[in-house]
Amino acid sequence: MFDAMNLSQTIAAIATPPGVGGIGVIRISGSLSSSILKSIFQPAHSSLFDIWPPQAYKLIRGKIVDPQTSAVKDDVLAVFMPGPGTYTGEDVVEIQGHGGPVVLGAVLETVLSQGARLAEPGEFTRRAFLNGRMDLSQAEAVVDLIHARTSQAAKTAATHVGGGLKNQVKGILESIMECRAHVEAALDFSEDAGDGETESILAKLDQGVIPPLRELAEAAELGKAYMEGLKAAIVGRPNVGKSSLMNALAGQERSIVTETPGATRDVVREPVLIRGLHFTLSDTAGMRTSSDAVEMIGIQRAKDAMGESDLIILVVEAGSDLSPEDQELLRQAERSCNRVLMVYNKLDLHPGFNPSPLGDYTPVAVSAKTGQGLEGLRQAMEKALRQGRELDAAPGIIPNLRQKGALEDALQSAAHARDRILEEAWELAAFDMEEAQKSLEQILGIGVSPDILDRIFSYFCIGK
Amino acid sequence: MCKRYDIIVIGAGHAGCEAALAAARMGCKTLLTTIHLDSVAGMPCSPSIGGAGKGQLVKEVDALGGSMARVTDQTAISYRTLNTRKGPAVQSTRTQNDKHMYHQMMKQCVEDQPNLDLKQAKIDRLVLDGNRVAGVVDHFGYEYQAEAVILATGTFLSGVIHIGHKSMKAGRAGEFASYSLASHLLELGFAMGRMKTGTPARVAKDSIDFSCFEEQAGEAPPRPFSLFSKASPLTPMSSFMGRTNERTHRIIRDNLSCSALYGGIVKGVSARYCPSFEDKIVKFPERESHQIILEHEGVHTREIYVSGLGNSMPLEVQIKLYRSIPGMEQVEIMRPAYAIEYDFLHPTGLKPTLETKLVKGLYAAGQLNGTSGYEEAAAQGMWAGINAACKIQGRPPFLPDRSEAYMAVMVDDLVTRGTSEPYRMFTSRAEYRLMLREDNTDLRLMEYGHDLGLIDDDAHKDLQERKKQIQAELDRVRNTIIKPLPEVNQYLESKETAPLKEAAPLDRLMKRVQLGYDAVENLAPSPEPVNPRVSRQVEIAIKYEGYIAKQLREIEKFREMEKVRIPEGFDFQAVHGLSNELKAKLGALKPVSLGQASRMEGITPAALSAIMIHLHQSKNTEKEEAQN
């Protein structure tokens with residue numbers, strides 16, 4: 001966490017509040033800011049980039065493009081502000097994109113892939129005063145702000161770290177501390193306390209620590225899906241009505257629908273809200289062997305989209321059993337993703353078609369044209385996202401992303417500790433337990449760790 | 001009429017001896033005073049040196065050129081390594097010693113030391129020149145002048161011993177206490193508190209039936225404490241383990257009101273880690289039995305130390321108590337157990353060098369600072385002695401940090417957080433425990449010792465050579481590939497680990513739980529014979545690799561905080577945004593770095609950021625002023 005003391009790294013974060021807004025801002029600060037922008041930014045008018053770095057304080061329109069995959073992430077406005085006259089005193093780039101968490105997250109990931117590090121909470125402000133960007137009154141205002149944030153953070157910690165999560169983490173922390181106390185006693189007082197009871201420590205880790213941590217980390221994964229939505233790819237053989245289905249779900253004409261098979265040659269993405277949950281639908285090129293080079297590229301992209309998806313909606317035409325090609329597609333889908341929905345489309349052409357269950361699948365029959373069966377598909381999509389959990393039942397238990405990271409770290413440390421206990425490397429087990437303890441203390445906001453400076457600034461919201 | 005010294009050390013216990021020896025060896029003309037010359041480096045409690053965390057301290061003192069480890073080796077009658085089945089970081093050496101011989105050898109070591117005078121004198125007060133120490137005056141009014149004075153008075157300040165409801169003034173049983181010096185320090189304005197400790201009875205060897213006890217022999221061959229000891233000269237002697245029983249416990253319960261500790265007489269705070277037997281019975285009523293150990297006090301005495309049965313009961317209860325142990329039905333007590341209360345200086349009044357903040361040139365070390373244990377005392381003595389000498393000689397202070405030595409962890413804990421009970425070293429107090437091992441004290445500290453003039457050139461040359469060999473052997477092992485030959489797999493199977501299917505680097509093989517440097521010796525031995533101290537380091541560096549890397553990263557971050565220095569005279573009152581309580585606390589403790597401030601009790605993240613902003617602000621202001 002003292003990484004944050006290192007001023008030589010370039011940092012980036014989403015600077016606008018979380019949630020869906022009109023626009024969202026990504027802020028980058030540090031010496032790499034402008035070169036990162038250059039590598040991911042495709043200006044609307046290429047002449048703008050003849051001069052580099054771009055003119056300071058001038059908004060430029062363009063696209064954020066992933067340099068590896070050439071995938072377009074968002075249409076944005078970008079501005080370059082050279083140091084030292086900036087908020088942080090360093091070169092700063094701000095990218096204004098579309099406000100949704102999925103889109104902003106994708107842009108941020110692209111920035112991070114080019115050598116920036118995710119900023120710690122409050123790190124921009126810390127840099128501002130470490131770089132002498134504040135006079136006495138401003139510095140004092142920062143101190144007051146920290147005070148305010150500290151007490152506010154304490155209050156929100158009480159309400160925000162929802163009661164359920166807090167109590168669970170406290171309980172796990174308690175169990176780890178107990179394990180560690182046993183281990184430390186065996187190290188420092190082996191003559192009084194004995195050499196430590198491997199069995200009872202393992203039992204405690206196996207009951208009170210590792211499984212609940214794993215469960216919380218999984219809940220966090222789910223919480224992430226809940227907040228950011230799932231990526232769902234619509235795949236199938238040509239002309240089964242993928243684009244029509246996409247338009248039906250999105251409620252608007254986005255994909256071009258034609259009678260000609262192979263009309264969709266690139267991946268078309270569309271965010272939709274289904275039963276209160278966010279999905280990003282991708283309409284993909286139909287899968288078939290083709291001699292058309294452009295179509296083949298589209299098919300390759302469809303395969304890539306399957307690989308990136310959280311959910312694959314495999315569309316086949318109603319009225320008949322799965323063809324060998326469909327079966328091959330199903331196998332591909334299962335290899336790419338652990339959530340696959342089977343959908344029979346064109347129910348309007350085959351009235352009365354009733355799909356029989358297929359292995360583990362309960363296929364859904366719809367007509368994208370008439371809307372028949374769409375509600376059933378929406379339900380199935382929701383069910384796939386929830387994975388059998390009742391999200392609404394305990395919203396307080398779903399950890400946010402920072403908490404999720406801490407939970408995963410704690411889980412990893414606890415698992416290491418378990419391995420070390422088995423090897424009777426007690427002093428290493430103690431080390432791992434302390435690491436797990438520190439991770440959990442980050443969630444609860446207690447504990448005196450030497451990483452105290454970072455704790456200070458964790459009271460600041462990311463970005464400022 | 002008075003004599004001039006550079007440094008005067010008051011008290012010739014474990015702290016005082018190391019302080020005086022270090023100062024004299026660094027070239028300072030030094031005087032060491034003691035109330036009683038026959039008690040120099042005495043062991044008033046257990047006849048034992050070392051233990052978890054403590055063994056590390058002794059070896060650190062040794063690597064810096066101190067004497068405790070060497071004298072321990074000369075007088076040890078039994079050696080044990082604790083935690084041999086656990087990793088190297090928590091293995092600690094402990095010895096049983098002939099306490100009379102220990103005293104004699106250490107006294108001789110002090111007497112033999114050039115530049116060092118040893119005198120029997122009871123010091124009653126300091127001589128001050130303004131707020132600077134200038135000397136000391138003894139009980140008879142004789143004055144000694146000095147530029148620095150080190151207080152190492154142990155339990156002697158206002159010492160009172162208790163046996164039942166009978167109390168007497170004493171620094172230890174049979175020795176004068178020091179009341180005048182205590183009240184003098186109080187008058188000077190030092191913050192002092194009261195602590196309690198105690199010791200069990202010594203009993204006659206011939207009155208014990210040892211067949212009722214389990215014999216515990218020491219390790220053979222012994223592993224000497226000191227890097228400079230070849231062997232230990234004395235014939236080994238065993239200890240004997242037994243247990244208390246329900247009758248023993250009932251005697252305590254029935255007579256609790258007679259106890260000094262529970263009869264309302266003792267007010268001082270005692271250590272949770274070193275409970276008297278009354279405490280064990282009252283605080284753990286469900287325990288049916290406690291362990292006791294009979295230990296020899298020396299080769300030429302029949303006194304036996306009864307470890308685990310310290311108490312403050314009247315003598316007649318003590319007799320019943322000891323005679324309730326099977327095998328001790330006829331036991332004769334030679335010296336009764338007793339509790340002792342004494343004054344200690346709140347160590348938060350000390351700078352990291354152990355110099356007092358109140359009086360310049362005055363240092364404090366050892367049990368006086370609220371610690372317990374011979375080893376803790378010796379390490380502080382060494383620290384204070386070196387720093388007093390450095391100051392006089394105009395050299396930078398000796399301040400290794402928490403990632404370098406247990407002694408640094410202890411001193412930092414004491415001066416930053418203070419202590420409310422006698423402070424004892426534990427390995428768990430060291431956050432960089434994996435780095436602070438008994439086996440690498442030379443690599444951690446000997447360079448400092450040599451720079452200070454406490455380690456001679458030969459030892460230093462050896463160290464350099466060893467460092468080179470370790471690196472060379474590490475490189476060789478890391479660059480060695482082992483092929484899956486039949487003899488290789490035969491060896492691996494004999495070690496109950498999986499055979500190789502394809503060639504593998506030797507260091508990766510060594511990381512397997514079942515293997516160690518043994519694998520190098522069997523699979524790819526070095527052409528040159530490898531010193532065991534070299535192979536040990538190679539083994540640890542490889543087996544601990546991932547964890548050591550993690551600790552090194554933590555240490556780097558820790559040092560960033562230590563590097564943010566808070567200048568002397570920094571005005572905490574002027575820091576905007578600090579509560580009055582914290583202003584007062586910080587103003588009193590005067591932390592020297594943001595790191596030290598962060599370890600203070602009650603400090604908040606917001607307070608730290610306020611200090612940091614103020615520090616940056618004053619720096620900026622200075623710069624601007626310099627420019628104008």
# chains A, B, ... in the order shown; residues from 1 in each chain; ligands from 1

$ closest_atom_pairs --of "chain B" --to "chain A" --cutoff "9 Å" --atoms "only C-alpha atoms" --output "CSV"
residue,atom,partner,partner_atom,distance
B:Gly51,CA,A:Asp188,CA,8.7
B:Ala52,CA,A:Asp188,CA,5.5
B:Gly53,CA,A:Asp188,CA,7.6
B:Leu82,CA,A:Ser190,CA,7.7
B:Asn83,CA,A:Leu187,CA,7.0
B:Arg85,CA,A:Glu424,CA,7.9
B:Lys86,CA,A:Ala425,CA,5.9
B:Gly87,CA,A:Ala425,CA,6.0
B:Pro88,CA,A:Glu427,CA,8.8
B:Ala89,CA,A:Glu427,CA,7.2
B:Val90,CA,A:Leu187,CA,6.5
B:Gln91,CA,A:Leu187,CA,8.6
B:Gln291,CA,A:Asp192,CA,8.2
B:Phe426,CA,A:Asp188,CA,6.1
B:Thr427,CA,A:Asp188,CA,6.3
B:Ser428,CA,A:Glu184,CA,6.6
B:Glu431,CA,A:Phe431,CA,8.9
B:Arg433,CA,A:Glu427,CA,8.5
B:Leu434,CA,A:Glu427,CA,7.7
B:Val513,CA,A:Glu423,CA,6.8
B:Tyr544,CA,A:Leu428,CA,8.7
B:Tyr547,CA,A:Leu428,CA,7.6
B:Glu554,CA,A:Phe2,CA,8.4
B:Glu556,CA,A:Phe2,CA,8.8
B:Lys557,CA,A:Phe2,CA,5.4
B:Phe558,CA,A:Pro450,CA,6.8
B:Glu560,CA,A:Met5,CA,7.7
B:Met561,CA,A:Leu453,CA,8.5
B:His576,CA,A:Glu140,CA,6.5
B:Gly577,CA,A:Val143,CA,6.2
B:Gly595,CA,A:Pro450,CA,8.1
B:Ser598,CA,A:Ile452,CA,6.9
B:Arg599,CA,A:Pro450,CA,7.7
B:Thr604,CA,A:Ile456,CA,8.3
B:Pro605,CA,A:Ile456,CA,4.6
B:Ala606,CA,A:Ile456,CA,5.9
B:Ala607,CA,A:Val143,CA,8.5
B:Leu608,CA,A:Leu453,CA,7.5
B:Ser609,CA,A:Ile456,CA,6.7
B:Ala610,CA,A:Val143,CA,5.7
B:Ile613,CA,A:Ala139,CA,6.5
B:His614,CA,A:Ala139,CA,8.1
B:His616,CA,A:Leu130,CA,7.3
B:Gln617,CA,A:Leu136,CA,6.6
B:Asn620,CA,A:Gly132,CA,7.3

$ residues_around --residues "B:Gly16" --least-positions-apart "3" --cutoff "10 Å" --atoms "only C-alpha atoms" --output "PDB file with N, CA and C atoms, in the first residue's frame"
ATOM      1  N   ILE B   8      30.267   7.653  32.910  1.00  0.00           N
ATOM      2  CA  ILE B   8      30.075   6.898  34.155  1.00  0.00           C
ATOM      3  C   ILE B   8      28.815   6.054  34.010  1.00  0.00           C
ATOM      4  N   VAL B   9      28.929   4.777  34.371  1.00  0.00           N
ATOM      5  CA  VAL B   9      27.776   3.888  34.329  1.00  0.00           C
ATOM      6  C   VAL B   9      27.411   3.529  35.762  1.00  0.00           C
ATOM      7  N   ILE B  10      26.163   3.786  36.147  1.00  0.00           N
ATOM      8  CA  ILE B  10      25.719   3.482  37.512  1.00  0.00           C
ATOM      9  C   ILE B  10      24.993   2.151  37.503  1.00  0.00           C
ATOM     10  N   GLY B  11      25.587   1.161  38.150  1.00  0.00           N
ATOM     11  CA  GLY B  11      24.985  -0.169  38.206  1.00  0.00           C
ATOM     12  C   GLY B  11      25.742  -1.133  37.315  1.00  0.00           C
ATOM     13  N   ALA B  12      26.195  -2.247  37.917  1.00  0.00           N
ATOM     14  CA  ALA B  12      27.036  -3.195  37.162  1.00  0.00           C
ATOM     15  C   ALA B  12      26.309  -4.517  36.950  1.00  0.00           C
ATOM     16  N   GLY B  13      25.045  -4.431  36.575  1.00  0.00           N
ATOM     17  CA  GLY B  13      24.310  -5.637  36.183  1.00  0.00           C
ATOM     18  C   GLY B  13      24.559  -5.921  34.712  1.00  0.00           C
ATOM     19  N   ALA B  19      27.198  -1.756  28.804  1.00  0.00           N
ATOM     20  CA  ALA B  19      27.324  -0.323  28.510  1.00  0.00           C
ATOM     21  C   ALA B  19      28.756   0.130  28.735  1.00  0.00           C
ATOM     22  N   ALA B  20      29.313  -0.250  29.889  1.00  0.00           N
ATOM     23  CA  ALA B  20      30.661   0.193  30.243  1.00  0.00           C
ATOM     24  C   ALA B  20      31.698  -0.421  29.301  1.00  0.00           C
ATOM     25  N   LEU B  21      31.526  -1.715  29.000  1.00  0.00           N
ATOM     26  CA  LEU B  21      32.480  -2.385  28.112  1.00  0.00           C
ATOM     27  C   LEU B  21      32.463  -1.743  26.724  1.00  0.00           C
ATOM     28  N   ALA B  22      31.272  -1.476  26.194  1.00  0.00           N
ATOM     29  CA  ALA B  22      31.178  -0.885  24.856  1.00  0.00           C
ATOM     30  C   ALA B  22      31.823   0.488  24.843  1.00  0.00           C
ATOM     31  N   LEU B  32      32.620   2.274  35.992  1.00  0.00           N
ATOM     32  CA  LEU B  32      31.432   1.456  36.259  1.00  0.00           C
ATOM     33  C   LEU B  32      31.310   1.330  37.765  1.00  0.00           C
ATOM     34  N   THR B  33      30.161   1.792  38.313  1.00  0.00           N
ATOM     35  CA  THR B  33      29.993   1.714  39.763  1.00  0.00           C
ATOM     36  C   THR B  33      28.919   0.698  40.122  1.00  0.00           C
ATOM     37  N   THR B  34      29.093   0.091  41.302  1.00  0.00           N
ATOM     38  CA  THR B  34      28.099  -0.865  41.790  1.00  0.00           C
ATOM     39  C   THR B  34      27.978  -0.730  43.302  1.00  0.00           C
ATOM     40  N   VAL B  40      28.427  -8.114  40.799  1.00  0.00           N
ATOM     41  CA  VAL B  40      28.544  -7.694  39.397  1.00  0.00           C
ATOM     42  C   VAL B  40      27.941  -8.778  38.491  1.00  0.00           C
ATOM     43  N   ALA B  41      27.114  -8.366  37.543  1.00  0.00           N
ATOM     44  CA  ALA B  41      26.483  -9.302  36.597  1.00  0.00           C
ATOM     45  C   ALA B  41      25.823 -10.465  37.324  1.00  0.00           C
ATOM     46  N   ILE B 150      25.303   6.957  32.450  1.00  0.00           N
ATOM     47  CA  ILE B 150      24.302   5.962  32.067  1.00  0.00           C
ATOM     48  C   ILE B 150      23.718   5.339  33.335  1.00  0.00           C
ATOM     49  N   LEU B 151      22.405   5.482  33.512  1.00  0.00           N
ATOM     50  CA  LEU B 151      21.734   4.865  34.655  1.00  0.00           C
ATOM     51  C   LEU B 151      21.383   3.433  34.290  1.00  0.00           C
ATOM     52  N   ALA B 152      21.848   2.482  35.107  1.00  0.00           N
ATOM     53  CA  ALA B 152      21.523   1.073  34.866  1.00  0.00           C
ATOM     54  C   ALA B 152      21.288   0.418  36.214  1.00  0.00           C
ATOM     55  N   THR B 153      20.303   0.955  36.918  1.00  0.00           N
ATOM     56  CA  THR B 153      20.156   0.632  38.334  1.00  0.00           C
ATOM     57  C   THR B 153      19.226  -0.552  38.596  1.00  0.00           C
ATOM     58  N   GLY B 154      18.675  -1.146  37.559  1.00  0.00           N
ATOM     59  CA  GLY B 154      17.881  -2.363  37.745  1.00  0.00           C
ATOM     60  C   GLY B 154      16.719  -2.165  38.691  1.00  0.00           C
ATOM     61  N   ALA B 364      19.606   6.001  30.049  1.00  0.00           N
ATOM     62  CA  ALA B 364      19.032   4.989  30.945  1.00  0.00           C
ATOM     63  C   ALA B 364      18.940   3.671  30.198  1.00  0.00           C
ATOM     64  N   ALA B 365      19.232   2.577  30.891  1.00  0.00           N
ATOM     65  CA  ALA B 365      19.210   1.262  30.234  1.00  0.00           C
ATOM     66  C   ALA B 365      18.817   0.183  31.224  1.00  0.00           C
ATOM     67  N   GLY B 366      18.170  -0.848  30.704  1.00  0.00           N
ATOM     68  CA  GLY B 366      17.907  -2.044  31.496  1.00  0.00           C
ATOM     69  C   GLY B 366      16.578  -2.018  32.226  1.00  0.00           C
ATOM     70  N   ALA B 377      18.179  -6.351  29.225  1.00  0.00           N
ATOM     71  CA  ALA B 377      19.037  -5.368  29.888  1.00  0.00           C
ATOM     72  C   ALA B 377      20.358  -5.222  29.146  1.00  0.00           C
ATOM     73  N   ALA B 378      20.987  -6.347  28.840  1.00  0.00           N
ATOM     74  CA  ALA B 378      22.298  -6.299  28.175  1.00  0.00           C
ATOM     75  C   ALA B 378      22.197  -5.552  26.839  1.00  0.00           C
ATOM     76  N   GLN B 380      20.036  -3.287  25.887  1.00  0.00           N
ATOM     77  CA  GLN B 380      19.872  -1.839  26.097  1.00  0.00           C
ATOM     78  C   GLN B 380      21.163  -1.211  26.578  1.00  0.00           C
ATOM     79  N   GLY B 381      21.906  -1.932  27.433  1.00  0.00           N
ATOM     80  CA  GLY B 381      23.180  -1.411  27.923  1.00  0.00           C
ATOM     81  C   GLY B 381      24.124  -1.141  26.761  1.00  0.00           C
ATOM     82  N   MET B 382      24.207  -2.113  25.888  1.00  0.00           N
ATOM     83  CA  MET B 382      25.053  -1.986  24.699  1.00  0.00           C
ATOM     84  C   MET B 382      24.631  -0.746  23.892  1.00  0.00           C
ATOM     85  N   ALA B 384      22.895   1.929  24.838  1.00  0.00           N
ATOM     86  CA  ALA B 384      23.153   3.203  25.521  1.00  0.00           C
ATOM     87  C   ALA B 384      24.649   3.498  25.552  1.00  0.00           C
ATOM     88  N   GLY B 385      25.455   2.467  25.826  1.00  0.00           N
ATOM     89  CA  GLY B 385      26.909   2.654  25.903  1.00  0.00           C
ATOM     90  C   GLY B 385      27.457   3.156  24.573  1.00  0.00           C
TER      91      GLY B 385
END

$ residues_around --residues "A:Thr362" --least-positions-apart "6" --cutoff "10 Å" --atoms "only C-alpha atoms" --output "tab-separated table (two decimals) with C-alpha atoms, in the first residue's frame"
chain	number	residue	atom	x	y	z
A	341	LEU	CA	-28.93	-20.44	-22.59
A	342	MET	CA	-30.59	-22.42	-25.42
A	343	VAL	CA	-33.15	-20.41	-27.38
A	355	PRO	CA	-38.80	-27.88	-27.11
A	356	SER	CA	-37.91	-30.92	-25.04
A	380	ALA	CA	-34.07	-17.18	-17.87

$ residues_around --residues "A:Thr88" --least-positions-apart "4" --cutoff "8 Å" --atoms "only C-alpha atoms" --output "ChimeraX atom specification"
/A:29,83-84,92,124-125,127-129,131,133

$ select_by_dssp --residues "stretch 31-82 of chain A" --states "helix (DSSP H, G or I)" --output "NGL selection string"
:A and (33-40 or 46-49)

$ write_last_selection --atoms "N, CA and C atoms" --output "PDB file, in the first residue's frame"
ATOM      1  N   SER A  33       1.166  10.021 -18.840  1.00  0.00           N
ATOM      2  CA  SER A  33      -0.215  10.369 -19.189  1.00  0.00           C
ATOM      3  C   SER A  33      -0.426  10.577 -20.686  1.00  0.00           C
ATOM      4  N   SER A  34       0.422  11.435 -21.285  1.00  0.00           N
ATOM      5  CA  SER A  34       0.143  11.785 -22.677  1.00  0.00           C
ATOM      6  C   SER A  34       0.466  10.621 -23.601  1.00  0.00           C
ATOM      7  N   SER A  35       1.523   9.845 -23.291  1.00  0.00           N
ATOM      8  CA  SER A  35       1.851   8.742 -24.192  1.00  0.00           C
ATOM      9  C   SER A  35       0.797   7.635 -24.089  1.00  0.00           C
ATOM     10  N   ILE A  36       0.198   7.469 -22.911  1.00  0.00           N
ATOM     11  CA  ILE A  36      -0.890   6.493 -22.794  1.00  0.00           C
ATOM     12  C   ILE A  36      -2.062   6.937 -23.660  1.00  0.00           C
ATOM     13  N   LEU A  37      -2.382   8.230 -23.575  1.00  0.00           N
ATOM     14  CA  LEU A  37      -3.497   8.733 -24.385  1.00  0.00           C
ATOM     15  C   LEU A  37      -3.211   8.480 -25.869  1.00  0.00           C
ATOM     16  N   LYS A  38      -1.960   8.768 -26.257  1.00  0.00           N
ATOM     17  CA  LYS A  38      -1.617   8.629 -27.672  1.00  0.00           C
ATOM     18  C   LYS A  38      -1.848   7.191 -28.139  1.00  0.00           C
ATOM     19  N   SER A  39      -1.484   6.227 -27.285  1.00  0.00           N
ATOM     20  CA  SER A  39      -1.551   4.833 -27.738  1.00  0.00           C
ATOM     21  C   SER A  39      -2.975   4.285 -27.784  1.00  0.00           C
ATOM     22  N   ILE A  40      -3.925   4.943 -27.124  1.00  0.00           N
ATOM     23  CA  ILE A  40      -5.280   4.376 -27.097  1.00  0.00           C
ATOM     24  C   ILE A  40      -6.322   5.276 -27.750  1.00  0.00           C
ATOM     25  N   SER A  46      -7.782  13.315 -37.896  1.00  0.00           N
ATOM     26  CA  SER A  46      -6.433  12.818 -37.637  1.00  0.00           C
ATOM     27  C   SER A  46      -5.406  13.941 -37.624  1.00  0.00           C
ATOM     28  N   SER A  47      -5.684  15.034 -38.296  1.00  0.00           N
ATOM     29  CA  SER A  47      -4.701  16.112 -38.332  1.00  0.00           C
ATOM     30  C   SER A  47      -4.400  16.644 -36.933  1.00  0.00           C
ATOM     31  N   LEU A  48      -5.341  16.459 -36.026  1.00  0.00           N
ATOM     32  CA  LEU A  48      -5.141  16.951 -34.665  1.00  0.00           C
ATOM     33  C   LEU A  48      -3.927  16.309 -34.006  1.00  0.00           C
ATOM     34  N   PHE A  49      -3.604  15.121 -34.500  1.00  0.00           N
ATOM     35  CA  PHE A  49      -2.529  14.398 -33.848  1.00  0.00           C
ATOM     36  C   PHE A  49      -1.188  14.589 -34.526  1.00  0.00           C
TER      37      PHE A  49
END

$ atom_distance --atom1 "atom CA of A:Val316" --atom2 "atom CA of A:Tyr344"
5.0 Å

$ select_by_dssp --residues "stretch 271-398 of chain A" --states "strand (DSSP E)" --output "list in words"
Pro271, Val272, Leu273, Ile274, Leu277, His278, Phe279, Thr280, Leu281, Ser282, Asp283, Leu311, Ile312, Ile313, Leu314, Val315, Val316, Glu317, Val340, Leu341, Met342, Val343, Tyr344, Asn345, Val364 and Ala365 of chain A

$ atom_distance --atom1 "atom CA of B:Arg536" --atom2 "atom CA of B:Ala459"
19.0 Å

$ closest_residue --among "A:Asp91, A:Arg214, A:Leu329, A:Leu165" --to "A:Ala415" --atoms "only C-alpha atoms"
A:Arg214

$ residues_around --residues "B:Gly55" --least-positions-apart "4" --cutoff "9 Å" --atoms "only C-alpha atoms" --output "list in words"
Ile49, Gly50, Gly51, Lys59, Glu60, Gln91, Ser92, Thr93, Arg94, Phe225, Glu375 and Glu438 of chain B

$ atom_distance --atom1 "atom CA of B:Met425" --atom2 "atom CA of B:Tyr374"
10.9 Å

$ residues_around --residues "A:Gln42" --least-positions-apart "6" --cutoff "9 Å" --atoms "only C-alpha atoms" --output "short mmCIF file (atom, residue, chain, number, x, y, z; two decimals) with N, CA and C atoms, in the first residue's frame"
data_model
loop_
_atom_site.label_atom_id
_atom_site.label_comp_id
_atom_site.auth_asym_id
_atom_site.auth_seq_id
_atom_site.Cartn_x
_atom_site.Cartn_y
_atom_site.Cartn_z
N PHE A 49 -3.60 15.12 -34.50
CA PHE A 49 -2.53 14.40 -33.85
C PHE A 49 -1.19 14.59 -34.53
N ARG A 61 -12.03 15.38 -29.81
CA ARG A 61 -12.98 14.30 -29.91
C ARG A 61 -12.34 13.09 -30.56
N GLY A 62 -12.72 11.91 -30.13
CA GLY A 62 -12.16 10.72 -30.77
C GLY A 62 -12.68 9.46 -30.12
N LYS A 63 -12.03 8.35 -30.46
CA LYS A 63 -12.46 7.06 -29.92
C LYS A 63 -11.35 6.48 -29.07
N ILE A 64 -11.73 5.77 -28.02
CA ILE A 64 -10.75 4.98 -27.28
C ILE A 64 -10.72 3.60 -27.91
N VAL A 65 -9.54 3.20 -28.36
CA VAL A 65 -9.40 1.93 -29.07
C VAL A 65 -8.36 1.08 -28.35
#

$ residues_around --residues "A:Lys58" --least-positions-apart "6" --cutoff "9 Å" --atoms "only C-alpha atoms" --output "number ranges by chain"
A: 78-81

$ closest_residue --among "B:Pro236, B:Gly418, B:Pro326, B:Gly394" --to "B:Thr371" --atoms "only C-alpha atoms"
B:Gly418

$ decode --residues "stretch 149-159 of chain B" --atoms "N, CA and C atoms" --output "CSV table (one decimal), in the first residue's frame"
chain,number,residue,atom,x,y,z
B,149,VAL,N,26.4,10.1,31.6
B,149,VAL,CA,26.2,9.2,32.7
B,149,VAL,C,25.1,8.2,32.2
B,150,ILE,N,25.3,7.0,32.4
B,150,ILE,CA,24.3,6.0,32.1
B,150,ILE,C,23.7,5.3,33.3
B,151,LEU,N,22.4,5.5,33.5
B,151,LEU,CA,21.7,4.9,34.7
B,151,LEU,C,21.4,3.4,34.3
B,152,ALA,N,21.8,2.5,35.1
B,152,ALA,CA,21.5,1.1,34.9
B,152,ALA,C,21.3,0.4,36.2
B,153,THR,N,20.3,1.0,36.9
B,153,THR,CA,20.2,0.6,38.3
B,153,THR,C,19.2,-0.6,38.6
B,154,GLY,N,18.7,-1.1,37.6
B,154,GLY,CA,17.9,-2.4,37.7
B,154,GLY,C,16.7,-2.2,38.7
B,155,THR,N,16.6,-3.0,39.7
B,155,THR,CA,15.5,-3.0,40.6
B,155,THR,C,15.8,-2.2,41.9
B,156,PHE,N,17.0,-1.5,41.8
B,156,PHE,CA,17.5,-0.9,43.1
B,156,PHE,C,16.8,0.4,43.5
B,157,LEU,N,16.2,1.1,42.6
B,157,LEU,CA,15.6,2.4,43.0
B,157,LEU,C,14.3,2.2,43.8
B,158,SER,N,14.4,2.6,45.1
B,158,SER,CA,13.3,2.5,46.1
B,158,SER,C,12.9,1.0,46.1
B,159,GLY,N,13.8,0.1,46.0
B,159,GLY,CA,13.4,-1.3,46.1
B,159,GLY,C,12.9,-1.8,47.4
